[in-house]
Amino acid sequence: MEQILKYFPWLDALGKERFAALEALYADWNSKINVISRKDMENFYEHHVLHSLAIAAAYGSVLEPAGQTILDVGTGGGFPGIPLAILYPQNKFTLCDSIGKKIKVAGSVAEALKLDNVTAINARAESLRQRYDWVVSRAVASLDKFLPWVRGKYTKGIICLKGGDVESELEVCFSRHMLDPKKVMVSDISLFFKEDWFETKKVVFIAQ
């Protein structure tokens, strides 16, 4: 929690309470369904919660306006969707994953936190008919695979948490999917969070 408050000191009491409750909720679920590696639970807030909030650190200004809808594709146990839903209670989040047991965890955590701005759906993104303002994701697949999944699903843009060779992934998308380079921004998370773990992590912003 110290890491969360270091970067988001303006959190209100309810936000602090919800973030503080996350570790115990996920530890309990993880004992039943392995959604987070045992080793990663030792660094739960840094590797999962704070990593999710890198989207807010980099591009929070576009997510702040109230009434927006955000689709989290391949949310797994609820990342980045649940931390972002805590941070932005004024917006509606749809958490989507094709693996039933994982989305069950995400939905149960949201329910336990009384996050009435979260809906959890067991489905593939391609099957969703609704359009959302934003699509977010965390290390779900290569951008070459990901872009076709969410085509036509958003009106404002995509914000992805990525590692690895992002530049090479984008080059493929520029040629194969006719993605306009002028609509893409890549930010190093180390600009926002100083922990060593973030040195190779990035946020990719793709405007509509």
# chains A, B, ... in the order shown; residues from 1 in each chain; ligands from 1

$ residues_around --residues "A:Glu111" --least-positions-apart "6" --cutoff "12 Å" --atoms "only C-alpha atoms" --output "list in words"
Arg18, Leu22, Leu25, Gly78, Ile82, Lys104, Val105, Asn117, Val118, Thr119 and Ala120 of chain A

$ write_last_selection --atoms "N, CA and C atoms" --output "compact mmCIF listing (two decimals), in the first residue's frame"
# COMPACT_ATOMS: atom_id res chain seq x y z
N ARG A 18 -10.32 0.21 -0.33
CA ARG A 18 -10.44 -0.82 -1.36
C ARG A 18 -9.07 -1.35 -1.80
N LEU A 22 -7.28 -5.46 -1.29
CA LEU A 22 -7.01 -6.29 -2.46
C LEU A 22 -6.13 -7.50 -2.16
N LEU A 25 -7.90 -10.42 -0.48
CA LEU A 25 -8.89 -11.02 -1.37
C LEU A 25 -8.21 -11.92 -2.40
N GLY A 78 -8.46 -9.78 -13.08
CA GLY A 78 -8.98 -8.43 -12.89
C GLY A 78 -7.97 -7.30 -13.07
N ILE A 82 -9.62 -3.84 -12.37
CA ILE A 82 -10.08 -3.57 -11.01
C ILE A 82 -9.33 -2.39 -10.36
N LYS A 104 -14.29 -15.43 -12.98
CA LYS A 104 -15.02 -15.64 -11.72
C LYS A 104 -14.32 -14.93 -10.58
N VAL A 105 -13.00 -15.01 -10.55
CA VAL A 105 -12.22 -14.32 -9.52
C VAL A 105 -12.40 -12.81 -9.64
N ASN A 117 -19.32 -0.22 -10.43
CA ASN A 117 -18.97 0.25 -11.77
C ASN A 117 -18.23 -0.81 -12.58
N VAL A 118 -18.28 -2.07 -12.10
CA VAL A 118 -17.57 -3.17 -12.77
C VAL A 118 -18.56 -4.27 -13.18
N THR A 119 -18.44 -4.71 -14.43
CA THR A 119 -19.16 -5.88 -14.93
C THR A 119 -18.13 -6.87 -15.44
N ALA A 120 -18.24 -8.13 -15.02
CA ALA A 120 -17.31 -9.17 -15.46
C ALA A 120 -18.02 -10.11 -16.43

$ select_by_dssp --residues "stretch 11-133 of chain A" --states "helix (DSSP H, G or I)" --output "PyMOL selection string"
chain A and resi 13-30+38-41+44-63+81-87+100-112+125-127

$ residues_around --residues "A:Phe146" --least-positions-apart "2" --cutoff "12 Å" --atoms "only C-alpha atoms" --output "PyMOL selection string"
chain A and resi 73-74+124-126+135-144+148-151+153+158-160+162+169-170+173+177

$ closest_residue --among "A:Val109, A:Ala54, A:Ser127, A:Gly100" --to "A:Ala27" --atoms "only C-alpha atoms"
A:Val109

$ residues_around --residues "A:Tyr88" --least-positions-apart "4" --cutoff "8 Å" --atoms "only C-alpha atoms" --output "list in words"
Leu63, Glu64 and Leu84 of chain A

$ closest_residue --among "A:Gly164, A:Gly152, A:Pro65, A:Gly157" --to "A:Pro89" --atoms "only C-alpha atoms"
A:Pro65

$ select_by_dssp --residues "stretch 15-208 of chain A" --states "strand (DSSP E)" --output "mmCIF file with N, CA and C atoms, in the first residue's frame"
data_model
loop_
_atom_site.group_PDB
_atom_site.id
_atom_site.type_symbol
_atom_site.label_atom_id
_atom_site.label_comp_id
_atom_site.auth_asym_id
_atom_site.auth_seq_id
_atom_site.Cartn_x
_atom_site.Cartn_y
_atom_site.Cartn_z
ATOM 1 N N THR A 69 -16.842 4.609 -20.765
ATOM 2 C CA THR A 69 -16.888 3.152 -20.674
ATOM 3 C C THR A 69 -15.539 2.589 -21.102
ATOM 4 N N ILE A 70 -15.039 1.632 -20.335
ATOM 5 C CA ILE A 70 -13.719 1.051 -20.573
ATOM 6 C C ILE A 70 -13.833 -0.469 -20.598
ATOM 7 N N LEU A 71 -13.301 -1.088 -21.640
ATOM 8 C CA LEU A 71 -13.284 -2.535 -21.773
ATOM 9 C C LEU A 71 -11.878 -3.048 -21.484
ATOM 10 N N ASP A 72 -11.769 -3.944 -20.501
ATOM 11 C CA ASP A 72 -10.495 -4.590 -20.169
ATOM 12 C C ASP A 72 -10.493 -5.977 -20.814
ATOM 13 N N VAL A 73 -9.670 -6.145 -21.844
ATOM 14 C CA VAL A 73 -9.641 -7.384 -22.614
ATOM 15 C C VAL A 73 -8.570 -8.330 -22.057
ATOM 16 N N LYS A 92 -17.467 3.383 -16.073
ATOM 17 C CA LYS A 92 -17.937 2.003 -16.102
ATOM 18 C C LYS A 92 -16.899 1.092 -16.752
ATOM 19 N N PHE A 93 -16.570 0.003 -16.088
ATOM 20 C CA PHE A 93 -15.568 -0.932 -16.576
ATOM 21 C C PHE A 93 -16.198 -2.290 -16.863
ATOM 22 N N THR A 94 -15.911 -2.817 -18.043
ATOM 23 C CA THR A 94 -16.306 -4.174 -18.393
ATOM 24 C C THR A 94 -15.044 -5.018 -18.471
ATOM 25 N N LEU A 95 -14.973 -6.052 -17.630
ATOM 26 C CA LEU A 95 -13.823 -6.950 -17.584
ATOM 27 C C LEU A 95 -14.172 -8.208 -18.360
ATOM 28 N N CYS A 96 -13.352 -8.520 -19.353
ATOM 29 C CA CYS A 96 -13.664 -9.622 -20.267
ATOM 30 C C CYS A 96 -12.525 -10.631 -20.294
ATOM 31 N N ASP A 97 -12.865 -11.904 -20.162
ATOM 32 C CA ASP A 97 -11.858 -12.957 -20.302
ATOM 33 C C ASP A 97 -12.548 -14.227 -20.775
ATOM 34 N N VAL A 118 -18.280 -2.074 -12.100
ATOM 35 C CA VAL A 118 -17.574 -3.166 -12.767
ATOM 36 C C VAL A 118 -18.559 -4.268 -13.176
ATOM 37 N N THR A 119 -18.441 -4.709 -14.427
ATOM 38 C CA THR A 119 -19.159 -5.875 -14.926
ATOM 39 C C THR A 119 -18.131 -6.873 -15.444
ATOM 40 N N ALA A 120 -18.237 -8.126 -15.024
ATOM 41 C CA ALA A 120 -17.310 -9.173 -15.464
ATOM 42 C C ALA A 120 -18.018 -10.105 -16.428
ATOM 43 N N ILE A 121 -17.402 -10.330 -17.597
ATOM 44 C CA ILE A 121 -18.023 -11.138 -18.645
ATOM 45 C C ILE A 121 -17.082 -12.256 -19.077
ATOM 46 N N ASN A 122 -17.608 -13.482 -19.108
ATOM 47 C CA ASN A 122 -16.849 -14.631 -19.602
ATOM 48 C C ASN A 122 -17.104 -14.748 -21.114
ATOM 49 N N TYR A 132 -17.104 0.607 -26.788
ATOM 50 C CA TYR A 132 -16.670 1.271 -25.559
ATOM 51 C C TYR A 132 -15.822 2.485 -25.935
ATOM 52 N N ASP A 133 -15.679 3.390 -24.982
ATOM 53 C CA ASP A 133 -14.804 4.544 -25.250
ATOM 54 C C ASP A 133 -13.349 4.092 -25.380
ATOM 55 N N TRP A 134 -12.919 3.271 -24.426
ATOM 56 C CA TRP A 134 -11.516 2.851 -24.382
ATOM 57 C C TRP A 134 -11.407 1.337 -24.227
ATOM 58 N N VAL A 135 -10.338 0.789 -24.775
ATOM 59 C CA VAL A 135 -9.941 -0.590 -24.505
ATOM 60 C C VAL A 135 -8.619 -0.542 -23.758
ATOM 61 N N VAL A 136 -8.516 -1.312 -22.662
ATOM 62 C CA VAL A 136 -7.252 -1.432 -21.938
ATOM 63 C C VAL A 136 -6.880 -2.915 -21.850
ATOM 64 N N SER A 137 -5.596 -3.189 -21.660
ATOM 65 C CA SER A 137 -5.165 -4.569 -21.487
ATOM 66 C C SER A 137 -3.780 -4.603 -20.869
ATOM 67 N N ARG A 138 -3.428 -5.779 -20.359
ATOM 68 C CA ARG A 138 -2.108 -5.969 -19.766
ATOM 69 C C ARG A 138 -1.508 -7.271 -20.292
ATOM 70 N N TYR A 154 -14.009 0.129 -29.925
ATOM 71 C CA TYR A 154 -13.727 1.340 -29.155
ATOM 72 C C TYR A 154 -13.902 2.577 -30.028
ATOM 73 N N THR A 155 -14.166 3.714 -29.370
ATOM 74 C CA THR A 155 -14.382 4.966 -30.104
ATOM 75 C C THR A 155 -13.278 5.989 -29.868
ATOM 76 N N LYS A 156 -12.477 5.794 -28.812
ATOM 77 C CA LYS A 156 -11.446 6.786 -28.496
ATOM 78 C C LYS A 156 -10.018 6.243 -28.602
ATOM 79 N N GLY A 157 -9.802 4.999 -28.158
ATOM 80 C CA GLY A 157 -8.452 4.469 -28.275
ATOM 81 C C GLY A 157 -8.195 3.243 -27.441
ATOM 82 N N ILE A 158 -6.942 2.779 -27.517
ATOM 83 C CA ILE A 158 -6.460 1.604 -26.802
ATOM 84 C C ILE A 158 -5.297 2.024 -25.925
ATOM 85 N N ILE A 159 -5.247 1.499 -24.691
ATOM 86 C CA ILE A 159 -4.099 1.722 -23.820
ATOM 87 C C ILE A 159 -3.651 0.362 -23.296
ATOM 88 N N CYS A 160 -2.447 -0.061 -23.684
ATOM 89 C CA CYS A 160 -1.945 -1.393 -23.338
ATOM 90 C C CYS A 160 -0.684 -1.316 -22.500
ATOM 91 N N LEU A 161 -0.584 -2.205 -21.535
ATOM 92 C CA LEU A 161 0.651 -2.401 -20.784
ATOM 93 C C LEU A 161 1.446 -3.497 -21.477
ATOM 94 N N LYS A 162 2.686 -3.191 -21.824
ATOM 95 C CA LYS A 162 3.483 -4.118 -22.607
ATOM 96 C C LYS A 162 4.905 -4.236 -22.053
ATOM 97 N N VAL A 184 0.147 6.612 -32.518
ATOM 98 C CA VAL A 184 0.728 5.738 -31.499
ATOM 99 C C VAL A 184 1.742 6.493 -30.643
ATOM 100 N N MET A 185 1.634 6.303 -29.336
ATOM 101 C CA MET A 185 2.628 6.818 -28.397
ATOM 102 C C MET A 185 3.068 5.684 -27.477
ATOM 103 N N VAL A 186 4.360 5.591 -27.221
ATOM 104 C CA VAL A 186 4.897 4.584 -26.314
ATOM 105 C C VAL A 186 5.618 5.297 -25.178
ATOM 106 N N SER A 187 5.232 4.995 -23.953
ATOM 107 C CA SER A 187 5.831 5.635 -22.772
ATOM 108 C C SER A 187 6.504 4.601 -21.890
ATOM 109 N N ASP A 188 7.695 4.919 -21.405
ATOM 110 C CA ASP A 188 8.383 4.072 -20.443
ATOM 111 C C ASP A 188 7.753 4.251 -19.067
ATOM 112 N N LYS A 202 6.381 -0.855 -20.489
ATOM 113 C CA LYS A 202 5.925 0.296 -21.258
ATOM 114 C C LYS A 202 4.400 0.372 -21.286
ATOM 115 N N VAL A 203 3.907 1.560 -21.611
ATOM 116 C CA VAL A 203 2.483 1.769 -21.887
ATOM 117 C C VAL A 203 2.355 2.216 -23.336
ATOM 118 N N VAL A 204 1.516 1.527 -24.075
ATOM 119 C CA VAL A 204 1.283 1.869 -25.484
ATOM 120 C C VAL A 204 -0.100 2.506 -25.623
ATOM 121 N N PHE A 205 -0.128 3.681 -26.212
ATOM 122 C CA PHE A 205 -1.378 4.420 -26.440
ATOM 123 C C PHE A 205 -1.635 4.462 -27.928
ATOM 124 N N ILE A 206 -2.811 3.998 -28.359
ATOM 125 C CA ILE A 206 -3.188 4.011 -29.772
ATOM 126 C C ILE A 206 -4.508 4.771 -29.898
ATOM 127 N N ALA A 207 -4.448 5.934 -30.501
ATOM 128 C CA ALA A 207 -5.658 6.743 -30.657
ATOM 129 C C ALA A 207 -6.506 6.219 -31.810
#

$ atom_distance --atom1 "atom CA of A:Ile86" --atom2 "atom CA of A:Lys16"
9.0 Å

$ closest_residue --among "A:Glu17, A:Glu23, A:Glu167, A:Glu2" --to "A:Glu42" --atoms "only C-alpha atoms"
A:Glu23

$ closest_residue --among "A:Ala110, A:Leu87, A:Val166, A:Ala13" --to "A:Ala57" --atoms "only C-alpha atoms"
A:Leu87

$ closest_residue --among "A:Gly163, A:Pro181, A:Ala106, A:Glu171" --to "A:Ile33" --atoms "only C-alpha atoms"
A:Ala106

$ residues_around --residues "A:Trp197" --least-positions-apart "2" --cutoff "12 Å" --atoms "only C-alpha atoms" --output "ChimeraX atom specification"
/A:40,43,45-48,50-51,163,188-190,193-195,199-202

$ closest_residue --among "A:Ile36, A:Phe192, A:Lys102, A:Phe198" --to "A:Gly60" --atoms "only C-alpha atoms"
A:Phe192
